[in-house]
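Student: Following this message is one structure expressed as structure tokens.
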Amino acid sequence: MKKVAFYTLGCKLNYSETSTISRMFENKGYQKVEFDQTPDIFIINTCSVTENADKKCKKIVKEAKKISPNSYVTIIGCYAQLKPQEIATIKGVDAVLGAAEKFRLIELLDGFAKEQEAKVLASEIQEATVFNNAFSINDRTRTFLKVQDGCNYGCAFCTIPLARGKSRSDSIANILDSAREIAASDVKEVVLTGVNIGDFGIQDGKRKERFADLVTALDEIEGINRFRISSIEPNLLTNETIEFVSRSKRFVPHFHIPLQSGSNTMLRAMGRRYLRELYEDRVSKIKTLMPHCCIGVDVIVGFPGETEELFLETYNFLNELPISYLHVFTYSERANTRATEMGGVVPMKVRNERSKMLRILSEKKRRQFYQENLGKTYTVLFEEDVEEGKMHGFTENYIRVSAKYDPMLINETKLVQLVEINEKGSVDIEEPEIVYEKH
């Protein structure tokens, strides 16, 4: 029985796909092992969004060969689609598979026999038209369920359409089947994931279903306590969806909504499909219906043309919005994107200074959000995440909670009262006997 190990870089979508591919191997009789358990085969799922994708890829390949010198190393994922020939020259790589090939790798790399040169199986991205169902399971407390892939948007900074192809989705019927399978495995929380999930519903190039109908259908699935929407574009987050979540049985009050810039000048330059006024309207709508709702924001700093004045527009806009935390991305150049041809390049030192300012703002926002919720009672899903005798979990509205370690609590939901913010930045709870939530 050959041993296979997996390593995943990047987003929740990559994790869902790695987990599904690993189950394909197990179904074919391979033994899934940890990275350091001398595997015969390594599958490395790469990302192109993070900086230095090439360096990260090389480092992991080097580690793999150190652990298991005669192993077969396969690279898949976004970086593999964008730079297959480049990756094939990395010492130790045996195969590189593109977006259209990665789910067929067991069949395409028949037996994983080593050859003189690395095998490159990466079609043009136009060939990636099939939706491959995927979800993570048995890897952690929550499951990532892929409902959509690819993107039809053309943001000036982004390579994802080049790495994943056009927008396409699973059917609601198939997703419900996956959700029932997940429910049977005692998973308590499912995170819906995709590249542009608000664009859900395109099958065979035609729009057949809607995201609002998907969440309505999933809300009826028994056996799953919580559904969380991973990230959704502001122009695709409809009043219908917000209103549904506000009265839903299972969808939690947490939205992650990419902004990228609080300046309309920058939003136009980036090729985004909305202006700051729409974003402000979405946040206002959410907070009116769900004052306790957590709102996360993606923001890019240092995009070409971002002057100090335009950056401060973003800073002030975010400072005034009732949001809960930021994911701050320092702009980095990506080949084959429009942004690389734009003038007004921001020096890296300035980009880093602006990122630091926004990260400090994020901490301030998070603390303020936590503070507003102290004294309230929420349900916490506890995870196998233990530090110094404390375990952690998240409330429905994504507040990180600390509690005294109790192995009986792992993957359990409990009603708790939030007491105070501790020195680590998470929230301590009332420790006396607490009533279990009914399932």
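In the structure tokens, each chain is lettered A, B, ... as it comes, each chain's residues begin at 1, and ligands are numbered from 1 in order of appearance.
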Can you list, as a PyMOL selection string, every protein, DNA or RNA residue that comes within 7 Å of Ile43 in chain A when you count only C-alpha atoms, leaving out same-chain residues fewer than 5 positions away?
Tutor: chain A and resi 5-7+73-75
Student: As a list in words, please: the residues near Lys166 in chain A (cut-off 9 Å, only C-alpha atoms, same-chain neighbours under 6 positions excluded).
Tutor: Ile125, Gln126, Ala128, Thr129, Asp149, Gly150, Cys151, Asn152, Tyr153 and Gly205 of chain A
Student: How many Å lie between CA of Ser136 in chain A and CA of Asn14 in chain A, rounded to one decimal?
Tutor: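 Taking CA of Ser136 in chain A as the start and CA of Asn14 in chain A as the end point, the length is 9.4 Å.
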Student: Grab the CA of Thr143 in chain A to CA of Asn52 in chain A distance for me, in Å with one decimal place.
Tutor: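 We find that CA of Thr143 in chain A and CA of Asn52 in chain A lie 27.7 Å from each other.
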Student: Leaving out Phe317 in chain A and any residue of its chain fewer than 6 positions from it, which residues lie within 10 Å of it when counting only C-alpha atoms, given as a list in words?
Tutor: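 Here the answer would be Ser261, Gly262, Ser263, Arg276, Glu280 and Phe311 of chain A.
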Student: Do a neighbour search on Ile286 in chain A at 10 Å with only C-alpha atoms, toss out local chain neighbours closer than 6 positions, and write the hits as an mmCIF file with C-alpha atoms, in the first residue's frame.
Tutor:
data_model
loop_
_atom_site.group_PDB
_atom_site.id
_atom_site.type_symbol
_atom_site.label_atom_id
_atom_site.label_comp_id
_atom_site.auth_asym_id
_atom_site.auth_seq_id
_atom_site.Cartn_x
_atom_site.Cartn_y
_atom_site.Cartn_z
ATOM 1 C CA ASN A 239 -31.248 42.363 0.572
ATOM 2 C CA ILE A 242 -29.295 39.521 4.289
ATOM 3 C CA GLU A 243 -32.947 39.361 5.357
ATOM 4 C CA VAL A 245 -29.808 35.225 7.284
ATOM 5 C CA SER A 246 -31.360 37.569 9.886
ATOM 6 C CA PRO A 253 -24.716 36.370 11.697
ATOM 7 C CA HIS A 254 -21.300 36.710 10.073
ATOM 8 C CA PHE A 255 -20.451 38.147 6.653
ATOM 9 C CA HIS A 292 -24.613 41.786 16.777
ATOM 10 C CA CYS A 293 -23.505 40.595 13.300
ATOM 11 C CA CYS A 294 -19.770 40.233 12.657
ATOM 12 C CA ILE A 295 -18.561 41.885 9.432
#
Student: What separation in Å, quoted to one decimal, exists between CA of Phe244 in chain A and CA of Met290 in chain A?
Tutor: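 Computed distance, CA of Phe244 in chain A to CA of Met290 in chain A, equals 11.2 Å.
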Student: DSSP on the backbone, then: every residue of range 179-403 of chain A marked strand (DSSP E), written as an NGL selection string.
Tutor: :A and (189-193 or 202-203 or 206-207 or 226-229 or 254-260 or 294-301 or 325-330 or 377-387 or 390-395 or 400-403)
Student: For the residues in the current selection, export C-alpha atoms as a tab-separated table (two decimals), in the first residue's frame.
Tutor:
chain	number	residue	atom	x	y	z
A	189	GLU	CA	-20.44	23.83	11.17
A	190	VAL	CA	-20.22	24.11	7.39
A	191	VAL	CA	-18.53	27.04	5.65
A	192	LEU	CA	-19.77	27.67	2.10
A	193	THR	CA	-16.81	28.42	-0.12
A	202	ILE	CA	-24.07	29.09	-13.49
A	203	GLN	CA	-24.07	25.58	-14.96
A	206	LYS	CA	-25.95	29.45	-18.27
A	207	ARG	CA	-27.44	30.85	-15.06
A	226	ARG	CA	-24.39	26.21	11.59
A	227	PHE	CA	-23.78	27.39	8.06
A	228	ARG	CA	-21.31	30.23	7.53
A	229	ILE	CA	-20.92	32.22	4.29
A	254	HIS	CA	-21.30	36.71	10.07
A	255	PHE	CA	-20.45	38.15	6.65
A	256	HIS	CA	-17.04	38.57	5.10
A	257	ILE	CA	-17.37	41.23	2.39
A	258	PRO	CA	-14.38	42.28	0.25
A	259	LEU	CA	-14.02	46.05	-0.04
A	260	GLN	CA	-10.42	46.43	-1.36
A	294	CYS	CA	-19.77	40.23	12.66
A	295	ILE	CA	-18.56	41.89	9.43
A	296	GLY	CA	-15.09	41.12	8.09
A	297	VAL	CA	-13.50	43.18	5.32
A	298	ASP	CA	-10.76	42.50	2.73
A	299	VAL	CA	-8.70	45.57	1.82
A	300	ILE	CA	-5.70	46.05	-0.49
A	301	VAL	CA	-3.14	48.78	0.23
A	325	TYR	CA	-12.08	43.09	11.60
A	326	LEU	CA	-9.95	43.52	8.47
A	327	HIS	CA	-7.93	41.17	6.30
A	328	VAL	CA	-5.20	43.49	5.01
A	329	PHE	CA	-3.36	42.61	1.78
A	330	THR	CA	-0.25	44.52	0.77
A	377	THR	CA	-24.99	34.88	25.82
A	378	TYR	CA	-23.94	33.02	22.67
A	379	THR	CA	-23.35	29.49	21.47
A	380	VAL	CA	-19.70	28.49	21.14
A	381	LEU	CA	-18.45	25.62	19.00
A	382	PHE	CA	-15.29	24.41	20.76
A	383	GLU	CA	-12.30	23.24	18.72
A	384	GLU	CA	-9.29	21.04	19.32
A	385	ASP	CA	-7.21	24.18	19.78
A	386	VAL	CA	-5.46	24.12	23.16
A	387	GLU	CA	-2.89	26.61	24.49
A	390	LYS	CA	-7.11	26.76	27.60
A	391	MET	CA	-9.28	25.64	24.71
A	392	HIS	CA	-10.87	27.88	22.12
A	393	GLY	CA	-13.92	28.16	19.95
A	394	PHE	CA	-16.04	30.68	18.08
A	395	THR	CA	-19.49	32.09	18.74
A	400	ARG	CA	-13.03	33.85	19.66
A	401	VAL	CA	-13.61	32.46	23.13
A	402	SER	CA	-11.23	30.90	25.69
A	403	ALA	CA	-12.30	28.32	28.29
